[in-house]
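See below for model32.txt, which holds compact mmCIF, C-alpha atoms.
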```
# COMPACT_ATOMS: atom_id res chain seq x y z
CA MET A 1 -18.97 1.71 16.63
CA PRO A 2 -15.97 3.29 18.44
CA GLU A 3 -16.14 6.89 19.61
CA ARG A 4 -14.77 9.44 17.22
CA SER A 5 -11.51 11.13 18.10
CA ALA A 6 -9.87 14.17 16.59
CA ARG A 7 -8.08 11.82 14.21
CA THR A 8 -11.06 9.75 13.15
CA ARG A 9 -13.48 12.62 12.64
CA PHE A 10 -14.54 12.89 9.01
CA ARG A 11 -13.34 15.84 7.00
CA ARG A 12 -13.97 17.24 3.56
CA ARG A 13 -15.84 14.25 2.13
CA PRO A 14 -18.20 12.95 4.79
CA ALA A 15 -19.76 10.36 2.51
CA GLN A 16 -16.47 8.52 2.20
CA GLY A 17 -15.73 7.96 5.86
CA THR A 18 -17.00 5.39 8.33
CA ARG A 19 -16.00 3.98 11.68
CA ASP A 20 -18.30 0.97 11.18
CA LEU A 21 -16.22 -1.91 12.50
CA ASP A 22 -17.66 -4.39 10.01
CA VAL A 23 -16.33 -2.22 7.21
CA VAL A 24 -13.01 -1.56 8.96
CA TYR A 25 -12.44 -5.25 9.71
CA ALA A 26 -13.37 -6.35 6.18
CA ILE A 27 -10.78 -3.96 4.73
CA LEU A 28 -8.08 -5.03 7.18
CA ASP A 29 -8.83 -8.69 6.45
CA ALA A 30 -8.74 -8.22 2.68
CA ALA A 31 -5.41 -6.39 2.60
CA LEU A 32 -2.19 -8.36 2.51
CA VAL A 33 0.16 -5.49 3.32
CA ALA A 34 -0.11 -2.77 5.94
CA HIS A 35 1.88 0.45 6.05
CA VAL A 36 3.02 1.34 9.55
CA GLY A 37 3.91 4.92 10.36
CA PHE A 38 6.06 5.69 13.37
CA LEU A 39 8.61 8.23 14.50
CA VAL A 40 12.36 7.79 14.26
CA ASP A 41 14.31 10.59 15.87
CA GLY A 42 11.18 12.69 15.71
CA LEU A 43 10.65 12.19 11.98
CA PRO A 44 8.03 10.10 10.20
CA ARG A 45 8.89 6.69 8.79
CA VAL A 46 6.52 4.38 6.92
CA ILE A 47 7.31 0.71 6.40
CA PRO A 48 5.29 -2.07 4.81
CA THR A 49 4.63 -5.12 6.91
CA LEU A 50 2.34 -8.12 7.22
CA HIS A 51 -0.59 -7.90 9.57
CA ALA A 52 -3.51 -9.93 10.87
CA ARG A 53 -6.53 -9.36 13.02
CA ILE A 54 -7.78 -11.42 15.94
CA GLY A 55 -11.11 -10.02 17.02
CA ASP A 56 -10.58 -6.41 17.99
CA ARG A 57 -6.80 -6.62 18.07
CA LEU A 58 -4.30 -6.02 15.29
CA TYR A 59 -1.08 -8.02 15.03
CA LEU A 60 1.94 -6.77 13.10
CA HIS A 61 4.97 -8.68 11.95
CA GLY A 62 8.05 -6.88 13.24
CA SER A 63 9.94 -7.26 10.01
CA SER A 64 12.06 -4.19 10.60
CA ALA A 65 12.07 -5.08 14.24
CA GLY A 66 15.39 -3.52 15.15
CA THR A 67 14.65 0.00 13.99
CA MET A 68 11.00 -0.04 14.96
CA THR A 69 11.52 -1.50 18.42
CA ARG A 70 14.10 1.12 19.26
CA ALA A 71 11.92 3.86 17.81
CA LEU A 72 8.80 2.78 19.70
CA ALA A 73 10.66 2.86 22.99
CA VAL A 74 10.97 6.61 22.47
CA ALA A 75 7.77 7.42 20.54
CA PRO A 76 5.24 4.64 21.09
CA GLU A 77 2.32 5.80 18.91
CA ILE A 78 1.84 4.34 15.45
CA CYS A 79 -0.59 4.73 12.59
CA VAL A 80 -1.32 1.61 10.57
CA THR A 81 -2.84 2.20 7.13
CA VAL A 82 -4.04 -0.36 4.64
CA THR A 83 -5.34 0.51 1.20
CA LEU A 84 -7.16 -1.59 -1.36
CA LEU A 85 -7.26 -0.23 -4.88
CA ASP A 86 -10.46 -1.25 -6.65
CA GLU A 87 -10.95 0.74 -9.84
CA LEU A 88 -9.60 3.52 -11.98
CA VAL A 89 -12.08 6.36 -12.32
CA LEU A 90 -11.69 8.13 -15.64
CA ALA A 91 -13.48 11.44 -15.98
CA ARG A 92 -14.12 13.79 -18.84
CA ALA A 93 -12.15 16.49 -17.04
CA ALA A 94 -8.46 15.95 -16.30
CA PHE A 95 -9.02 17.46 -12.87
CA GLU A 96 -11.50 14.71 -11.94
CA GLN A 97 -9.41 11.60 -12.65
CA ASN A 98 -9.46 9.43 -9.57
CA VAL A 99 -9.40 5.91 -8.17
CA ASN A 100 -11.91 3.91 -6.18
CA TYR A 101 -10.36 2.51 -3.06
CA ARG A 102 -11.00 1.23 0.45
CA SER A 103 -8.63 2.31 3.15
CA VAL A 104 -8.30 2.01 6.93
CA MET A 105 -6.26 3.99 9.41
CA ALA A 106 -5.72 2.50 12.87
CA PHE A 107 -4.05 4.53 15.59
CA GLY A 108 -2.62 3.16 18.77
CA ILE A 109 0.27 2.21 20.97
CA PRO A 110 1.43 -1.28 20.13
CA GLU A 111 2.95 -3.68 22.60
CA ALA A 112 5.48 -6.35 21.89
CA VAL A 113 3.91 -9.76 22.30
CA THR A 114 5.99 -11.66 24.83
CA ASP A 115 3.65 -14.36 26.10
CA ALA A 116 4.45 -17.60 24.25
CA ASP A 117 0.82 -18.61 23.77
CA GLU A 118 -0.18 -15.20 22.44
CA LYS A 119 2.86 -15.19 20.16
CA LEU A 120 1.86 -18.55 18.78
CA ALA A 121 -1.71 -17.31 18.24
CA GLY A 122 -0.41 -14.15 16.56
CA LEU A 123 1.95 -16.04 14.28
CA ARG A 124 -0.86 -18.41 13.43
CA ALA A 125 -3.11 -15.46 12.58
CA LEU A 126 -0.41 -13.92 10.35
CA THR A 127 0.09 -17.23 8.55
CA GLU A 128 -3.63 -17.84 8.13
CA HIS A 129 -4.10 -14.24 6.97
CA LEU A 130 -1.57 -14.87 4.22
CA MET A 131 -3.26 -18.12 3.24
CA PRO A 132 -6.22 -19.68 5.05
CA GLY A 133 -5.41 -23.23 6.07
CA ARG A 134 -1.65 -22.78 5.77
CA TRP A 135 -1.02 -23.16 9.50
CA GLY A 136 -1.97 -26.83 9.29
CA GLN A 137 0.19 -27.38 6.22
CA CYS A 138 3.60 -26.43 7.54
CA ARG A 139 5.93 -27.20 10.42
CA GLN A 140 4.89 -25.53 13.64
CA PRO A 141 7.31 -23.06 15.22
CA LYS A 142 10.05 -24.26 17.48
CA ARG A 143 10.66 -22.57 20.79
CA GLN A 144 13.66 -20.62 19.46
CA GLU A 145 11.70 -19.54 16.36
CA LEU A 146 8.93 -18.16 18.54
CA LYS A 147 11.57 -16.36 20.57
CA ALA A 148 12.99 -14.87 17.36
CA THR A 149 9.55 -13.81 16.15
CA SER A 150 8.99 -10.13 16.68
CA LEU A 151 5.31 -9.45 16.94
CA LEU A 152 3.42 -6.30 17.91
CA THR A 153 -0.19 -6.02 18.90
CA MET A 154 -2.57 -3.16 19.53
CA PRO A 155 -6.28 -2.78 20.13
CA LEU A 156 -8.39 -1.58 17.19
CA SER A 157 -10.01 1.10 19.31
CA GLU A 158 -9.22 4.20 17.25
CA VAL A 159 -9.96 3.35 13.65
CA THR A 160 -11.50 4.89 10.59
CA ALA A 161 -12.19 3.74 7.06
CA LYS A 162 -12.42 5.77 3.89
CA LEU A 163 -14.00 4.48 0.73
CA ARG A 164 -14.53 5.87 -2.70
CA THR A 165 -16.98 4.07 -4.94
CA GLY A 166 -18.90 4.93 -8.08
CA GLY A 167 -18.16 6.74 -11.28
CA PRO A 168 -16.54 10.02 -12.16
CA THR A 169 -17.95 13.26 -10.77
CA ASP A 170 -17.74 15.49 -13.80
CA ASP A 171 -19.50 18.83 -13.74
CA ASP A 172 -22.85 18.85 -15.53
CA ALA A 173 -21.38 21.27 -18.04
CA ASP A 174 -18.84 18.62 -19.07
CA LEU A 175 -21.19 15.69 -19.56
CA GLU A 176 -21.65 16.23 -23.28
CA LEU A 177 -17.94 16.55 -24.03
CA PRO A 178 -16.68 14.02 -26.55
CA TYR A 179 -14.44 12.25 -24.02
CA TRP A 180 -14.94 8.75 -22.71
CA ALA A 181 -15.52 8.45 -18.97
CA GLY A 182 -16.16 5.51 -16.72
CA ILE A 183 -14.39 3.04 -14.51
CA VAL A 184 -11.81 0.36 -15.18
CA PRO A 185 -12.16 -2.46 -12.61
CA ARG A 186 -9.10 -4.12 -11.15
CA THR A 187 -8.79 -7.84 -10.48
CA VAL A 188 -6.01 -9.69 -8.72
CA SER A 189 -5.27 -13.27 -9.68
CA TRP A 190 -2.81 -15.76 -8.27
CA GLY A 191 -0.87 -18.74 -9.41
CA PRO A 192 -0.19 -21.25 -10.66
CA PRO A 193 2.02 -22.25 -7.69
CA VAL A 194 5.72 -22.73 -8.46
CA PRO A 195 7.27 -25.51 -6.36
CA ASP A 196 10.49 -24.88 -4.46
CA PRO A 197 13.40 -26.98 -5.74
CA GLY A 198 14.12 -29.83 -3.40
CA LEU A 199 10.62 -30.62 -2.24
CA ALA A 200 10.31 -34.02 -0.62
CA SER A 201 9.24 -36.47 -3.29
CA GLY A 202 5.54 -36.83 -3.90
CA VAL A 203 4.57 -33.56 -2.20
CA GLU A 204 1.91 -31.80 -4.26
CA ALA A 205 0.72 -28.20 -3.95
CA PRO A 206 -2.26 -28.10 -1.60
CA GLU A 207 -5.69 -27.21 -2.90
CA VAL A 208 -5.61 -23.83 -1.13
CA ALA A 209 -2.42 -22.84 -2.98
CA ARG A 210 -3.78 -24.01 -6.33
CA THR A 211 -7.06 -22.16 -5.94
CA TYR A 212 -5.83 -19.12 -4.00
CA ASN A 213 -8.00 -16.23 -5.07
CA ARG A 214 -7.66 -13.39 -2.58
CA GLN A 215 -8.77 -10.09 -4.02
CA GLY A 216 -7.77 -6.79 -2.58
CA SER A 217 -4.18 -5.99 -1.80
CA MET B 1 23.40 6.65 -6.78
CA PRO B 2 22.53 9.07 -3.95
CA GLU B 3 24.67 9.15 -0.82
CA ARG B 4 23.46 6.99 2.00
CA SER B 5 21.97 8.66 5.02
CA ALA B 6 21.20 7.26 8.44
CA ARG B 7 17.74 6.43 7.14
CA THR B 8 18.77 4.82 3.87
CA ARG B 9 21.57 2.70 5.27
CA PHE B 10 20.83 -0.99 4.91
CA ARG B 11 20.12 -3.00 8.02
CA ARG B 12 19.59 -6.66 8.83
CA ARG B 13 19.20 -7.92 5.25
CA PRO B 14 21.77 -6.17 3.08
CA ALA B 15 20.89 -8.20 -0.03
CA GLN B 16 17.43 -6.70 -0.12
CA GLY B 17 18.34 -3.05 -0.13
CA THR B 18 19.43 -0.73 -2.89
CA ARG B 19 19.66 2.96 -3.57
CA ASP B 20 20.04 2.35 -7.32
CA LEU B 21 17.88 5.05 -8.85
CA ASP B 22 16.85 2.88 -11.80
CA VAL B 23 15.36 0.40 -9.35
CA VAL B 24 13.83 3.12 -7.16
CA TYR B 25 12.26 4.90 -10.13
CA ALA B 26 10.90 1.67 -11.64
CA ILE B 27 9.12 0.83 -8.38
CA LEU B 28 7.72 4.35 -7.99
CA ASP B 29 6.52 4.29 -11.60
CA ALA B 30 4.86 0.89 -11.25
CA ALA B 31 2.93 1.70 -8.08
CA LEU B 32 -0.45 3.38 -8.33
CA VAL B 33 -0.78 4.34 -4.67
CA ALA B 34 1.74 5.90 -2.31
CA HIS B 35 1.50 5.99 1.47
CA VAL B 36 2.59 9.33 2.90
CA GLY B 37 3.69 9.54 6.50
CA PHE B 38 3.71 12.87 8.28
CA LEU B 39 3.24 14.27 11.75
CA VAL B 40 0.00 15.66 13.10
CA ASP B 41 0.34 17.17 16.56
CA GLY B 42 3.57 15.27 16.93
CA LEU B 43 2.04 11.88 16.13
CA PRO B 44 2.44 9.78 12.99
CA ARG B 45 -0.26 9.70 10.34
CA VAL B 46 -0.18 7.66 7.13
CA ILE B 47 -2.51 8.41 4.25
CA PRO B 48 -2.76 6.87 0.79
CA THR B 49 -2.48 9.21 -2.16
CA LEU B 50 -1.73 9.29 -5.86
CA HIS B 51 1.77 10.15 -6.96
CA ALA B 52 3.87 10.63 -10.06
CA ARG B 53 7.50 11.18 -10.90
CA ILE B 54 9.01 13.76 -13.21
CA GLY B 55 12.71 13.06 -13.49
CA ASP B 56 14.18 13.24 -10.02
CA ARG B 57 11.14 14.86 -8.43
CA LEU B 58 8.11 13.27 -6.84
CA TYR B 59 4.64 14.81 -7.11
CA LEU B 60 1.87 14.02 -4.67
CA HIS B 61 -1.80 14.68 -4.97
CA GLY B 62 -2.92 16.60 -1.91
CA SER B 63 -6.07 14.57 -1.45
CA SER B 64 -6.22 15.21 2.27
CA ALA B 65 -4.89 18.64 1.60
CA GLY B 66 -6.47 20.39 4.54
CA THR B 67 -5.03 18.21 7.27
CA MET B 68 -1.73 17.64 5.56
CA THR B 69 -1.10 21.24 4.63
CA ARG B 70 -1.71 22.39 8.18
CA ALA B 71 0.44 19.58 9.54
CA LEU B 72 3.36 20.26 7.19
CA ALA B 73 3.45 23.89 8.23
CA VAL B 74 4.46 22.64 11.68
CA ALA B 75 6.40 19.46 10.83
CA PRO B 76 7.55 19.62 7.22
CA GLU B 77 9.31 16.25 6.81
CA ILE B 78 7.49 13.35 5.20
CA CYS B 79 8.22 9.75 4.32
CA VAL B 80 6.60 8.43 1.15
CA THR B 81 6.44 4.65 0.86
CA VAL B 82 5.20 2.58 -2.06
CA THR B 83 4.96 -1.18 -2.00
CA LEU B 84 4.38 -3.67 -4.79
CA LEU B 85 3.36 -7.16 -3.76
CA ASP B 86 4.66 -9.76 -6.19
CA GLU B 87 4.35 -13.26 -4.78
CA LEU B 88 3.39 -15.28 -1.75
CA VAL B 89 6.33 -17.27 -0.42
CA LEU B 90 5.18 -20.48 1.23
CA ALA B 91 7.76 -22.30 3.30
CA ARG B 92 7.87 -25.68 5.00
CA ALA B 93 8.25 -23.94 8.36
CA ALA B 94 5.45 -21.68 9.63
CA PHE B 95 8.10 -19.23 10.82
CA GLU B 96 9.38 -18.73 7.25
CA GLN B 97 6.15 -17.77 5.45
CA ASN B 98 6.77 -14.53 3.60
CA VAL B 99 5.97 -12.41 0.58
CA ASN B 100 8.09 -11.17 -2.29
CA TYR B 101 7.76 -7.44 -2.71
CA ARG B 102 9.37 -4.29 -4.02
CA SER B 103 9.20 -1.21 -1.88
CA VAL B 104 10.57 2.34 -1.87
CA MET B 105 10.90 4.87 0.92
CA ALA B 106 11.50 8.49 -0.04
CA PHE B 107 12.26 11.07 2.62
CA GLY B 108 12.07 14.78 2.18
CA ILE B 109 10.46 18.12 2.77
CA PRO B 110 7.74 18.69 0.19
CA GLU B 111 6.76 22.07 -1.15
CA ALA B 112 3.35 23.11 -2.35
CA VAL B 113 3.41 23.65 -6.10
CA THR B 114 2.20 27.19 -6.72
CA ASP B 115 3.55 28.03 -10.16
CA ALA B 116 0.75 27.49 -12.70
CA ASP B 117 3.00 25.87 -15.30
CA GLU B 118 4.52 23.47 -12.80
CA LYS B 119 1.07 22.66 -11.45
CA LEU B 120 -0.12 21.86 -14.95
CA ALA B 121 2.94 19.66 -15.51
CA GLY B 122 2.40 17.92 -12.18
CA LEU B 123 -1.28 17.30 -12.81
CA ARG B 124 -0.41 16.01 -16.23
CA ALA B 125 2.15 13.64 -14.71
CA LEU B 126 -0.40 12.37 -12.16
CA THR B 127 -2.95 11.79 -14.91
CA GLU B 128 -0.45 10.07 -17.20
CA HIS B 129 0.80 7.99 -14.27
CA LEU B 130 -2.73 6.72 -13.72
CA MET B 131 -3.15 5.96 -17.41
CA PRO B 132 -0.59 6.77 -20.12
CA GLY B 133 -2.17 8.86 -22.85
CA ARG B 134 -5.10 9.97 -20.72
CA TRP B 135 -4.01 13.61 -20.63
CA GLY B 136 -4.81 13.93 -24.31
CA GLN B 137 -8.17 12.22 -23.89
CA CYS B 138 -9.87 14.52 -21.44
CA ARG B 139 -10.67 18.17 -20.94
CA GLN B 140 -7.68 20.22 -19.84
CA PRO B 141 -7.87 21.98 -16.48
CA LYS B 142 -9.47 25.37 -16.21
CA ARG B 143 -7.74 28.12 -14.32
CA GLN B 144 -9.94 27.66 -11.22
CA GLU B 145 -9.40 23.89 -11.28
CA LEU B 146 -5.66 24.37 -11.29
CA LYS B 147 -6.07 26.77 -8.41
CA ALA B 148 -8.10 24.15 -6.53
CA THR B 149 -5.51 21.45 -7.22
CA SER B 150 -3.36 20.81 -4.21
CA LEU B 151 -0.05 19.41 -5.35
CA LEU B 152 3.12 18.73 -3.40
CA THR B 153 6.57 18.09 -4.81
CA MET B 154 9.88 17.01 -3.37
CA PRO B 155 13.23 15.96 -4.73
CA LEU B 156 14.01 12.23 -4.74
CA SER B 157 17.34 12.81 -3.06
CA GLU B 158 17.01 10.55 -0.02
CA VAL B 159 15.56 7.29 -1.24
CA THR B 160 15.96 3.60 -0.69
CA ALA B 161 14.40 0.48 -2.16
CA LYS B 162 13.92 -2.92 -0.57
CA LEU B 163 13.18 -6.03 -2.55
CA ARG B 164 12.55 -9.63 -1.68
CA THR B 165 12.73 -12.15 -4.49
CA GLY B 166 13.11 -15.88 -4.71
CA GLY B 167 11.76 -18.86 -2.88
CA PRO B 168 11.40 -19.80 0.75
CA THR B 169 14.44 -19.93 3.00
CA ASP B 170 13.76 -23.05 4.98
CA ASP B 171 16.52 -24.52 7.11
CA ASP B 172 18.33 -27.45 5.50
CA ALA B 173 16.96 -29.65 8.24
CA ASP B 174 13.42 -28.92 7.05
CA LEU B 175 13.87 -29.59 3.34
CA GLU B 176 12.71 -33.20 3.49
CA LEU B 177 9.57 -32.45 5.49
CA PRO B 178 6.38 -33.54 3.77
CA TYR B 179 5.08 -29.98 3.32
CA TRP B 180 4.69 -28.18 0.03
CA ALA B 181 6.77 -25.05 -0.39
CA GLY B 182 7.15 -22.60 -3.22
CA ILE B 183 5.81 -19.33 -4.50
CA VAL B 184 2.39 -18.23 -5.69
CA PRO B 185 2.73 -15.41 -8.26
CA ARG B 186 0.33 -12.49 -8.24
CA THR B 187 -1.09 -10.89 -11.37
CA VAL B 188 -3.20 -7.77 -11.65
CA SER B 189 -5.66 -7.44 -14.48
CA TRP B 190 -7.94 -4.60 -15.50
CA GLY B 191 -11.19 -4.10 -17.26
CA PRO B 192 -13.31 -4.32 -19.20
CA PRO B 193 -14.07 -0.59 -18.96
CA VAL B 194 -17.54 0.33 -17.68
CA PRO B 195 -18.88 3.48 -19.36
CA ASP B 196 -20.29 6.29 -17.23
CA PRO B 197 -24.02 6.83 -17.77
CA GLY B 198 -24.63 9.88 -19.87
CA LEU B 199 -21.65 9.69 -22.18
CA ALA B 200 -22.00 11.83 -25.26
CA SER B 201 -23.37 9.65 -28.02
CA GLY B 202 -20.89 7.70 -30.08
CA VAL B 203 -18.02 8.03 -27.58
CA GLU B 204 -16.18 4.72 -27.33
CA ALA B 205 -13.67 3.65 -24.70
CA PRO B 206 -10.18 4.52 -25.93
CA GLU B 207 -7.72 1.77 -26.80
CA VAL B 208 -5.61 2.53 -23.71
CA ALA B 209 -8.61 1.94 -21.40
CA ARG B 210 -9.57 -1.27 -23.18
CA THR B 211 -6.06 -2.70 -23.06
CA TYR B 212 -4.90 -1.23 -19.74
CA ASN B 213 -2.55 -3.75 -18.22
CA ARG B 214 -0.50 -2.08 -15.50
CA GLN B 215 1.02 -4.61 -13.15
CA GLY B 216 2.22 -3.73 -9.68
CA SER B 217 0.05 -1.82 -7.28
```
Produce structure tokens that represent the structure in this file.
Amino acid sequence: MPERSARTRFRRRPAQGTRDLDVVYAILDAALVAHVGFLVDGLPRVIPTLHARIGDRLYLHGSSAGTMTRALAVAPEICVTVTLLDELVLARAAFEQNVNYRSVMAFGIPEAVTDADEKLAGLRALTEHLMPGRWGQCRQPKRQELKATSLLTMPLSEVTAKLRTGGPTDDDADLELPYWAGIVPRTVSWGPPVPDPGLASGVEAPEVARTYNRQGS
Amino acid sequence: MPERSARTRFRRRPAQGTRDLDVVYAILDAALVAHVGFLVDGLPRVIPTLHARIGDRLYLHGSSAGTMTRALAVAPEICVTVTLLDELVLARAAFEQNVNYRSVMAFGIPEAVTDADEKLAGLRALTEHLMPGRWGQCRQPKRQELKATSLLTMPLSEVTAKLRTGGPTDDDADLELPYWAGIVPRTVSWGPPVPDPGLASGVEAPEVARTYNRQGS
């Protein structure tokens, strides 16, 4: 487990926080979208992007590459947050309505991936993160596509996860109130796949696209 | 439509951006979780929180109130980003894999809600945002609960939405490749509700909890 830092120390609700890397990695791997916070002209900006993990490193698709690259040259630190929403938590008291979630914050200074092999590995990880097996079911990147791919990477060395699980936390005095309380679970489902017009004749959707069932994000 | 600012000007993919408030509001209203970016000791931090909209104002639940309140006293500007993931976009070329999404960034300087009536209205909006009708199906806040509620609000005056829709954007030269391409739609479903142990006898899950069907986040 990584050392705690001032930013990964638990506050307020100790039971919800962990720096256990198995937990952190599972949340990062389950989420399809990451929110990246960085500074632009000294002010916070948060953009959604696609991410993937290779071992203890995080890779980020530089979808807003222009703005972010310029910004990181001035203020290199970022905070990457992913959040999985699991359940609504309905309480007897209005004040106690909540959600169950799993969330990770990762702090660090990302570097642009410039090495061609690492870029290929990163792009592969992003593609496989989106859909396992996809890398072998599409045309591999050309040299100029790799060059045009903007990819950031940073070590997952300063990370923390927060999780809320379980039912509502109504006061004992409220338990007998005539209001329903409990949780409403959330499920994500996918498909069926919709083919792009102009597919080469005879090309069928691969098994992995027909049975895609990623929960989480 | 609000005036553009340096931060809400469209870059790189003009077709994806809009400041149309109908679009911005619809995305904010559909999302269950917002990611709030702010500065702590001059460095970016992004935390997930619950939000709601009342007209042209955004309300945020101060779930990490301690840290955020202290941080905002020093660096008051925040960026609130919500993202809805709609579809996987699978392309013939690895380089073109993508997702369809709807996202909003809102910039501003939030204020702590201190007025009791506004706090009640804000808490009501947060509750109703989570589940329409819920406010009337739970115990109203006591004075000390309202006092303990940390709520931020800011005007939605500097906002922008980004949307990706449609299929993959493979090069013409790739269209005849023998790879499947298309989209995989995402659906969120909810329920069935799981009652909290210790419900008062005879209390049944309300219709709105049994039929909850919010898409988006």
Write down, as a PDB file with C-alpha atoms, keeping the file's coordinate frame, each residue of chain B that has any atom within 7 Å of an atom of chain A, counting all atoms listed in the file.
```pdb
ATOM      1  CA  GLY B  37       3.690   9.540   6.500  1.00  0.00           C
ATOM      2  CA  PHE B  38       3.710  12.870   8.280  1.00  0.00           C
ATOM      3  CA  LEU B  39       3.240  14.270  11.750  1.00  0.00           C
ATOM      4  CA  LEU B  43       2.040  11.880  16.130  1.00  0.00           C
ATOM      5  CA  PRO B  44       2.440   9.780  12.990  1.00  0.00           C
ATOM      6  CA  ARG B  45      -0.260   9.700  10.340  1.00  0.00           C
ATOM      7  CA  VAL B  46      -0.180   7.660   7.130  1.00  0.00           C
ATOM      8  CA  ILE B  47      -2.510   8.410   4.250  1.00  0.00           C
ATOM      9  CA  PRO B  48      -2.760   6.870   0.790  1.00  0.00           C
ATOM     10  CA  GLU B  77       9.310  16.250   6.810  1.00  0.00           C
ATOM     11  CA  ILE B  78       7.490  13.350   5.200  1.00  0.00           C
ATOM     12  CA  CYS B  79       8.220   9.750   4.320  1.00  0.00           C
ATOM     13  CA  THR B  81       6.440   4.650   0.860  1.00  0.00           C
ATOM     14  CA  THR B  83       4.960  -1.180  -2.000  1.00  0.00           C
ATOM     15  CA  ARG B  92       7.870 -25.680   5.000  1.00  0.00           C
ATOM     16  CA  ALA B  93       8.250 -23.940   8.360  1.00  0.00           C
ATOM     17  CA  ALA B  94       5.450 -21.680   9.630  1.00  0.00           C
ATOM     18  CA  PHE B  95       8.100 -19.230  10.820  1.00  0.00           C
ATOM     19  CA  GLN B  97       6.150 -17.770   5.450  1.00  0.00           C
ATOM     20  CA  THR B 127      -2.950  11.790 -14.910  1.00  0.00           C
ATOM     21  CA  TRP B 135      -4.010  13.610 -20.630  1.00  0.00           C
ATOM     22  CA  GLN B 137      -8.170  12.220 -23.890  1.00  0.00           C
ATOM     23  CA  CYS B 138      -9.870  14.520 -21.440  1.00  0.00           C
ATOM     24  CA  ARG B 139     -10.670  18.170 -20.940  1.00  0.00           C
ATOM     25  CA  GLN B 140      -7.680  20.220 -19.840  1.00  0.00           C
ATOM     26  CA  PRO B 141      -7.870  21.980 -16.480  1.00  0.00           C
ATOM     27  CA  GLU B 145      -9.400  23.890 -11.280  1.00  0.00           C
ATOM     28  CA  GLY B 167      11.760 -18.860  -2.880  1.00  0.00           C
ATOM     29  CA  LEU B 175      13.870 -29.590   3.340  1.00  0.00           C
ATOM     30  CA  GLU B 176      12.710 -33.200   3.490  1.00  0.00           C
ATOM     31  CA  LEU B 177       9.570 -32.450   5.490  1.00  0.00           C
ATOM     32  CA  PRO B 178       6.380 -33.540   3.770  1.00  0.00           C
ATOM     33  CA  TYR B 179       5.080 -29.980   3.320  1.00  0.00           C
ATOM     34  CA  TRP B 180       4.690 -28.180   0.030  1.00  0.00           C
ATOM     35  CA  ALA B 181       6.770 -25.050  -0.390  1.00  0.00           C
ATOM     36  CA  GLY B 182       7.150 -22.600  -3.220  1.00  0.00           C
ATOM     37  CA  ILE B 183       5.810 -19.330  -4.500  1.00  0.00           C
ATOM     38  CA  VAL B 184       2.390 -18.230  -5.690  1.00  0.00           C
ATOM     39  CA  PRO B 185       2.730 -15.410  -8.260  1.00  0.00           C
ATOM     40  CA  ARG B 186       0.330 -12.490  -8.240  1.00  0.00           C
ATOM     41  CA  THR B 187      -1.090 -10.890 -11.370  1.00  0.00           C
ATOM     42  CA  VAL B 188      -3.200  -7.770 -11.650  1.00  0.00           C
ATOM     43  CA  SER B 189      -5.660  -7.440 -14.480  1.00  0.00           C
ATOM     44  CA  TRP B 190      -7.940  -4.600 -15.500  1.00  0.00           C
ATOM     45  CA  GLY B 191     -11.190  -4.100 -17.260  1.00  0.00           C
ATOM     46  CA  PRO B 192     -13.310  -4.320 -19.200  1.00  0.00           C
ATOM     47  CA  PRO B 193     -14.070  -0.590 -18.960  1.00  0.00           C
ATOM     48  CA  VAL B 194     -17.540   0.330 -17.680  1.00  0.00           C
ATOM     49  CA  PRO B 195     -18.880   3.480 -19.360  1.00  0.00           C
ATOM     50  CA  ASP B 196     -20.290   6.290 -17.230  1.00  0.00           C
ATOM     51  CA  GLY B 198     -24.630   9.880 -19.870  1.00  0.00           C
ATOM     52  CA  LEU B 199     -21.650   9.690 -22.180  1.00  0.00           C
ATOM     53  CA  ALA B 200     -22.000  11.830 -25.260  1.00  0.00           C
ATOM     54  CA  VAL B 203     -18.020   8.030 -27.580  1.00  0.00           C
ATOM     55  CA  GLU B 204     -16.180   4.720 -27.330  1.00  0.00           C
ATOM     56  CA  ALA B 205     -13.670   3.650 -24.700  1.00  0.00           C
TER      57      ALA B 205
END
```
* **Residue neighbourhood A:Gly122, 12 Å, all atoms listed in the file, exclusion window fewer than 6 positions, as a VMD selection string** => (chain A and resid 50 to 55 57 to 62 112 to 116 128 to 129 135 141 146 149 to 154) or (chain B and resid 94 to 95)
Enclose the full set of atoms of stretch 23-31 of chain A listed in the file within a box whose edges lie along x, y and z, apply 3 Å of padding to each of the six sides, and report centre and edge lengths in Å to one decimal as AutoDock Vina command-line options.
```
--center_x -10.9 --center_y -5.1 --center_z 6.2 --size_x 16.9 --size_y 13.1 --size_z 13.1
```
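Around the coordinate (15.7, 3.5, -5.2), residues that reach within 9 Å when counting all atoms listed in the file are B:Met1, B:Pro2, B:Gly17, B:Thr18, B:Arg19, B:Asp20, B:Leu21, B:Asp22, B:Val23, B:Val24, B:Tyr25, B:Ala26, B:Ile27, B:Leu28, B:Ser103, B:Val104, B:Met105, B:Ala106, B:Leu156, B:Glu158, B:Val159, B:Thr160, B:Ala161, B:Lys162.
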